[in-house]
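Accompanying notes for the structure given below.
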Amino acid sequence: MKSSLRSLVALLPGMVAAALLVASARADVVTDWNVTANALVANDVGNNRKMRTLAMVHVAMSDAINTVQNRYTRVVATLPAAPGASAEAAAATAARQILTQVYPEQKAKIEEAYAASLKAIPDGPAKIEGIKLGMEVAEAVQADRANDGTNAPDTYRPHTTPGAYVTTTPPLWEQYARAKPWVLKSADQFRPGPPPALSSAEWARDYNEVKSLGGTKSTARTREQSEAVTFWENVNFGPAWQAAARELSIQKEMPLAECARLFALLNMLAECARLFALLNMSLANAYIVNWDAKYTYNFWRPVTAIRNGDQDGNDATERDAGWTSLIPTPLHPEYPSQATINATIASAVLESVFGPVKAIPFTATDVRDPKRTRQFASLADMAEEQKNVRVWGGVHYRFAIRTSEDVGPKVAAYMIENTLKPVR
């Protein structure tokens, strides 16, 4: 016992130095590159590609860190363990390699961020080995995603009758309906059942709700609801969940005894990397799982249905020839709701790490205007508003929200159970 105690005491100076180094960084190599990556993906058209890139970046960082620290199972990389390498150098290099491949025109900005990351890491063999490892991990992730189907030809066939005009703007990213997901067995693994029959009372009820609340000339929608719709639109959904993850990963406290806390600090980097890899893989899957369902059912958006309300065979729905949605209707089928699936997935992932989202307050910031914010008593409240604004904005029916509330948690639960598991 005394011998073990003497050994522990002898190790303490090195443990303290290493712990303080990691603590001062606060796992910033992960959160910093999350900020950099989000800034780069911001100009992409559609969220599908954004989430694919964020997933690749964070999987590469997590695999690189765990090749060094061996805290969690790796997703793609099968390289030999490299305990002597700098995990920070490996992670930064992996992120830089992924982003440079996706955005070669942004190389200068990427290199600036990379130089800042490397500057904080002491020169030496560990740094050199970490850089080499990061390149190898990034190459493995790039190879894994090279044939994921997201760049397959767009073969969407417009639904029409011979000779009839339909809009000639193709829907966005139809290929994602057939893409390879992360970890999941297939894109249709959690495909929901079809939307309600047009003859049903459910269809009529939800048709009339969005018709009443979601139009540009609605008198039923409150000013507060309109403000919520215009805040979220399509630009703030994703960044809000990324920001929540960053804030929570930095604020997380570990109420441990001091000796155990030193070990915990050494593991913070791997924990942070796991969080962002799990979150972004799951959200990237959301755009594959949902696209599979959207293009399976090809269900009409409210603006189409309401202008054709006399053709659905339901006496409880009436046509409004001039109805338009409060916000622009997205260029893809209606069912299910992407915003709802994303909100439920992000909530479940964050809750698995930080505890009940009903107990976590959050302030969302508009990426277009940092002075514009929305305060929420909890992340659960933010998720609920993100669901509702799709009805208030006139682009979704309530049944799509309900269905998506079932799909999202299934995706999240599968991911939490089947990837990035503790090694020790």
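Residue names in the structure tokens use chain letters A, B, ... in the order shown, residue numbers from 1 in each chain, and ligand numbers from 1 in the order shown.
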
Which polymer residues have any atom within 6 Å of an atom of region 323-340 of chain A, counting only C-alpha atoms, with same-chain residues fewer than 6 positions away left out, as an MDAnalysis selection string? chainID A and resid 171:172 214:216 294 298:301 303 387 393:395 400:401 404

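Excluding Glu351 (chain A) itself and any same-chain residue fewer than 5 positions from it, the protein and nucleic acid residues within 10 Å of it, counting only C-alpha atoms, are Ile345, Ala346, Pro356, Val357, Lys358, Ala359, Ile360, Leu379 and Ala380 of chain A.
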
Using only C-alpha atoms, can you tell me which of A:Val45, A:Val183, A:Ala277, A:Val29 comes closest to Glu417 (chain A)? A:Val183

So which one's closest to Glu209 (chain A), A:Met281, A:Ile306, A:Ala377, A:Val349? Using only C-alpha atoms, please. A:Ile306

Give me the residues within 10 Å of Ala42 (chain A) as JSON, numbers by chain, counting only C-alpha atoms and dropping any in the same chain fewer than 3 places off. {"A": [37, 38, 39, 45, 46, 47, 50, 235, 238, 239, 367]}

Save the residues we just selected, N, CA and C atoms, as a JSON list (two decimals), in the first residue's frame?
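After the write, again27.json holds the following:
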```
[["chain", "number", "residue", "atom", "x", "y", "z"],
["A", 37, "ALA", "N", -15.19, 25.67, -38.50],
["A", 37, "ALA", "CA", -15.94, 24.88, -39.48],
["A", 37, "ALA", "C", -17.32, 25.47, -39.72],
["A", 38, "ASN", "N", -17.99, 25.90, -38.65],
["A", 38, "ASN", "CA", -19.32, 26.49, -38.82],
["A", 38, "ASN", "C", -19.28, 27.77, -39.65],
["A", 39, "ALA", "N", -18.22, 28.55, -39.50],
["A", 39, "ALA", "CA", -18.08, 29.76, -40.30],
["A", 39, "ALA", "C", -17.90, 29.42, -41.78],
["A", 45, "VAL", "N", -25.26, 26.03, -49.78],
["A", 45, "VAL", "CA", -26.69, 26.02, -50.11],
["A", 45, "VAL", "C", -27.30, 24.74, -49.54],
["A", 46, "GLY", "N", -28.27, 24.89, -48.67],
["A", 46, "GLY", "CA", -28.89, 23.72, -48.04],
["A", 46, "GLY", "C", -28.05, 23.22, -46.87],
["A", 47, "ASN", "N", -28.72, 22.62, -45.89],
["A", 47, "ASN", "CA", -28.03, 22.16, -44.69],
["A", 47, "ASN", "C", -27.43, 20.77, -44.82],
["A", 50, "LYS", "N", -23.72, 21.01, -45.24],
["A", 50, "LYS", "CA", -23.13, 21.57, -44.03],
["A", 50, "LYS", "C", -22.91, 20.49, -42.98],
["A", 235, "VAL", "N", -31.91, 29.71, -41.06],
["A", 235, "VAL", "CA", -30.49, 29.99, -40.86],
["A", 235, "VAL", "C", -29.99, 29.74, -39.45],
["A", 238, "GLY", "N", -29.43, 25.15, -37.00],
["A", 238, "GLY", "CA", -28.19, 24.40, -36.79],
["A", 238, "GLY", "C", -27.19, 25.12, -35.90],
["A", 239, "PRO", "N", -26.86, 26.39, -36.20],
["A", 239, "PRO", "CA", -25.90, 27.10, -35.37],
["A", 239, "PRO", "C", -26.28, 27.17, -33.89],
["A", 367, "VAL", "N", -27.40, 34.44, -36.35],
["A", 367, "VAL", "CA", -26.11, 34.47, -37.04],
["A", 367, "VAL", "C", -26.01, 35.67, -37.98]]
```

To one decimal in Å, tell me the separation between CA of Asn70 (chain A) and CA of Ala120 (chain A). 22.6 Å

For the structure I just gave you, how does DSSP split region 83-303 of chain A - specifically, which residues are alpha helix (DSSP H)? Reply as a ChimeraX atom specification. /A:87-102,107-119,125-145,201-213,223-232,237-251,258-297,302-303

Expected file: the selected residues, C-alpha atoms, as a CSV table (one decimal), in the first residue's frame:
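Contents of part.csv, as written:
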```
chain,number,residue,atom,x,y,z
A,87,ALA,CA,-3.7,14.8,-29.3
A,88,GLU,CA,-4.2,18.5,-29.9
A,89,ALA,CA,-1.8,18.6,-32.9
A,90,ALA,CA,-3.5,15.5,-34.3
A,91,ALA,CA,-7.0,16.9,-33.9
A,92,ALA,CA,-6.1,20.3,-35.4
A,93,THR,CA,-4.4,18.7,-38.3
A,94,ALA,CA,-7.2,16.3,-39.0
A,95,ALA,CA,-9.8,19.2,-39.0
A,96,ARG,CA,-7.5,21.3,-41.2
A,97,GLN,CA,-7.1,18.5,-43.8
A,98,ILE,CA,-10.9,17.8,-44.0
A,99,LEU,CA,-11.8,21.5,-44.4
A,100,THR,CA,-9.0,22.1,-47.0
A,101,GLN,CA,-10.3,19.3,-49.1
A,102,VAL,CA,-13.9,20.6,-48.9
A,107,LYS,CA,-7.3,27.7,-47.7
A,108,ALA,CA,-5.9,31.0,-46.3
A,109,LYS,CA,-8.6,31.2,-43.6
A,110,ILE,CA,-8.1,27.5,-42.7
A,111,GLU,CA,-4.3,27.9,-42.5
A,112,GLU,CA,-4.7,30.9,-40.2
A,113,ALA,CA,-6.8,28.9,-37.8
A,114,TYR,CA,-4.3,26.0,-38.1
A,115,ALA,CA,-1.3,28.2,-37.3
A,116,ALA,CA,-3.1,29.4,-34.2
A,117,SER,CA,-3.8,25.9,-33.0
A,118,LEU,CA,-0.2,24.7,-33.6
A,119,LYS,CA,1.3,27.8,-31.9
A,125,PRO,CA,8.5,14.9,-31.2
A,126,ALA,CA,5.0,14.7,-29.8
A,127,LYS,CA,3.9,17.6,-32.0
A,128,ILE,CA,5.5,16.2,-35.1
A,129,GLU,CA,3.9,12.8,-34.5
A,130,GLY,CA,0.6,14.4,-33.9
A,131,ILE,CA,0.6,16.2,-37.2
A,132,LYS,CA,1.5,13.1,-39.0
A,133,LEU,CA,-1.3,11.2,-37.3
A,134,GLY,CA,-3.9,13.9,-38.0
A,135,MET,CA,-3.1,13.7,-41.7
A,136,GLU,CA,-3.5,9.9,-41.7
A,137,VAL,CA,-6.8,10.0,-39.8
A,138,ALA,CA,-8.2,12.7,-42.1
A,139,GLU,CA,-7.2,10.6,-45.1
A,140,ALA,CA,-9.1,7.6,-43.6
A,141,VAL,CA,-12.2,9.7,-43.0
A,142,GLN,CA,-12.1,11.2,-46.5
A,143,ALA,CA,-11.8,7.7,-48.0
A,144,ASP,CA,-14.7,6.5,-46.0
A,145,ARG,CA,-17.0,9.3,-47.2
A,201,ALA,CA,-60.1,14.0,-40.0
A,202,GLU,CA,-56.4,14.3,-39.0
A,203,TRP,CA,-55.5,15.7,-42.5
A,204,ALA,CA,-58.4,18.2,-42.4
A,205,ARG,CA,-57.5,19.4,-38.9
A,206,ASP,CA,-53.8,19.9,-39.6
A,207,TYR,CA,-54.5,21.4,-43.0
A,208,ASN,CA,-56.8,24.0,-41.4
A,209,GLU,CA,-54.3,24.8,-38.6
A,210,VAL,CA,-51.4,25.7,-41.0
A,211,LYS,CA,-53.8,27.5,-43.3
A,212,SER,CA,-55.0,29.6,-40.4
A,213,LEU,CA,-51.7,30.3,-38.7
A,223,ARG,CA,-47.0,38.9,-33.0
A,224,GLU,CA,-44.8,36.8,-30.7
A,225,GLN,CA,-45.3,33.8,-33.0
A,226,SER,CA,-44.4,35.9,-36.1
A,227,GLU,CA,-41.2,37.1,-34.4
A,228,ALA,CA,-40.2,33.5,-33.6
A,229,VAL,CA,-40.8,32.5,-37.2
A,230,THR,CA,-38.6,35.3,-38.6
A,231,PHE,CA,-35.9,34.7,-36.1
A,232,TRP,CA,-35.5,31.0,-37.0
A,237,PHE,CA,-31.5,26.1,-36.4
A,238,GLY,CA,-28.2,24.4,-36.8
A,239,PRO,CA,-25.9,27.1,-35.4
A,240,ALA,CA,-28.0,27.3,-32.2
A,241,TRP,CA,-27.4,23.6,-31.3
A,242,GLN,CA,-23.7,23.9,-32.2
A,243,ALA,CA,-23.4,26.9,-29.9
A,244,ALA,CA,-25.3,25.1,-27.1
A,245,ALA,CA,-22.8,22.2,-27.3
A,246,ARG,CA,-19.8,24.6,-27.2
A,247,GLU,CA,-21.1,26.5,-24.2
A,248,LEU,CA,-22.0,23.3,-22.3
A,249,SER,CA,-18.7,21.6,-23.0
A,250,ILE,CA,-16.8,24.6,-21.6
A,251,GLN,CA,-19.1,25.2,-18.6
A,258,GLU,CA,-8.8,16.4,-6.4
A,259,CYS,CA,-6.8,13.4,-7.4
A,260,ALA,CA,-9.6,11.9,-9.5
A,261,ARG,CA,-10.1,15.4,-11.0
A,262,LEU,CA,-6.6,15.4,-12.4
A,263,PHE,CA,-7.4,12.2,-14.3
A,264,ALA,CA,-10.7,13.7,-15.4
A,265,LEU,CA,-9.0,16.8,-16.8
A,266,LEU,CA,-6.7,14.6,-18.9
A,267,ASN,CA,-9.8,13.0,-20.4
A,268,MET,CA,-11.7,16.3,-21.1
A,269,LEU,CA,-10.3,16.5,-24.6
A,270,ALA,CA,-11.6,13.1,-25.6
A,271,GLU,CA,-15.0,13.8,-24.0
A,272,CYS,CA,-15.4,17.0,-25.9
A,273,ALA,CA,-14.4,15.3,-29.1
A,274,ARG,CA,-16.9,12.6,-28.5
A,275,LEU,CA,-19.7,15.1,-27.9
A,276,PHE,CA,-19.2,16.9,-31.1
A,277,ALA,CA,-18.6,13.8,-33.2
A,278,LEU,CA,-21.8,12.2,-31.8
A,279,LEU,CA,-23.8,15.4,-32.2
A,280,ASN,CA,-22.7,16.0,-35.8
A,281,MET,CA,-22.9,12.4,-37.0
A,282,SER,CA,-26.4,12.2,-35.6
A,283,LEU,CA,-27.4,15.5,-37.3
A,284,ALA,CA,-25.8,14.5,-40.6
A,285,ASN,CA,-27.9,11.3,-40.4
A,286,ALA,CA,-31.0,13.3,-39.8
A,287,TYR,CA,-30.6,14.7,-43.4
A,288,ILE,CA,-30.3,11.2,-44.8
A,289,VAL,CA,-33.0,9.5,-42.7
A,290,ASN,CA,-35.4,12.4,-43.4
A,291,TRP,CA,-34.6,12.7,-47.0
A,292,ASP,CA,-35.3,9.0,-47.4
A,293,ALA,CA,-38.8,9.6,-46.1
A,294,LYS,CA,-39.4,12.8,-47.9
A,295,TYR,CA,-38.6,11.3,-51.3
A,296,THR,CA,-40.4,8.1,-50.5
A,297,TYR,CA,-43.7,9.9,-49.8
A,302,PRO,CA,-49.1,23.6,-47.5
A,303,VAL,CA,-48.9,26.2,-50.3
```

Tell me, as a list in words, which residues lie within 7 Å of region 146-156 of chain A, counting only C-alpha atoms; anything in the same chain fewer than 5 positions away does not count. Glu174, Gln175, Tyr176, Arg178, Ala179 and Lys180 of chain A

Go ahead and write the residues just picked, C-alpha atoms, as a PDB file, in the first residue's frame.
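Result file follows (again.pdb):
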```pdb
ATOM      1  CA  GLU A 174     -32.278  14.594 -53.719  1.00  0.00           C
ATOM      2  CA  GLN A 175     -29.233  12.288 -53.600  1.00  0.00           C
ATOM      3  CA  TYR A 176     -29.251  12.310 -49.807  1.00  0.00           C
ATOM      4  CA  ARG A 178     -29.984   7.273 -50.974  1.00  0.00           C
ATOM      5  CA  ALA A 179     -26.799   8.287 -49.142  1.00  0.00           C
ATOM      6  CA  LYS A 180     -24.724   6.217 -46.738  1.00  0.00           C
TER       7      LYS A 180
END
```

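Of the listed residues A:Val57, A:Asn48, A:Pro195, A:Arg319, the one whose atoms come nearest to Val35 (chain A) is A:Val57, with distances taken using only C-alpha atoms.
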
Write out as an MDAnalysis selection string each polymer residue whose atoms come within 8 Å of Asp320 (chain A), counting only C-alpha atoms; drop sequence neighbours fewer than 2 positions from it. chainID A and resid 306:309 318 322:323

Write the residues of the selection above to a file with N, CA and C atoms, as an mmCIF file, in the first residue's frame.
```
data_model
loop_
_atom_site.group_PDB
_atom_site.id
_atom_site.type_symbol
_atom_site.label_atom_id
_atom_site.label_comp_id
_atom_site.auth_asym_id
_atom_site.auth_seq_id
_atom_site.Cartn_x
_atom_site.Cartn_y
_atom_site.Cartn_z
ATOM 1 N N ILE A 306 -53.094 23.936 -50.131
ATOM 2 C CA ILE A 306 -54.135 24.925 -49.862
ATOM 3 C C ILE A 306 -54.640 25.573 -51.145
ATOM 4 N N ARG A 307 -53.775 25.748 -52.103
ATOM 5 C CA ARG A 307 -54.218 26.288 -53.397
ATOM 6 C C ARG A 307 -54.976 25.246 -54.218
ATOM 7 N N ASN A 308 -54.914 23.990 -53.752
ATOM 8 C CA ASN A 308 -55.660 22.906 -54.408
ATOM 9 C C ASN A 308 -56.589 22.216 -53.418
ATOM 10 N N GLY A 309 -57.076 22.970 -52.452
ATOM 11 C CA GLY A 309 -57.899 22.400 -51.396
ATOM 12 C C GLY A 309 -59.223 21.832 -51.859
ATOM 13 N N GLU A 318 -61.042 23.725 -47.462
ATOM 14 C CA GLU A 318 -61.472 24.659 -48.503
ATOM 15 C C GLU A 318 -60.249 25.289 -49.161
ATOM 16 N N GLY A 322 -55.116 32.245 -53.261
ATOM 17 C CA GLY A 322 -53.996 33.174 -53.142
ATOM 18 C C GLY A 322 -53.140 32.979 -51.908
ATOM 19 N N TRP A 323 -53.286 31.836 -51.242
ATOM 20 C CA TRP A 323 -52.560 31.610 -49.993
ATOM 21 C C TRP A 323 -51.063 31.452 -50.243
#
```

Ranking A:Pro80, A:Gly124, A:Gly193, A:Gly355 by minimum distance to Val68 (chain A) and counting only C-alpha atoms, which one comes first? A:Pro80

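Note that CA of Ala220 (chain A) and CA of Asp369 (chain A) are 28.1 Å apart.
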
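Here CA of Lys217 (chain A) and CA of Lys371 (chain A) stand 28.2 Å from one another.
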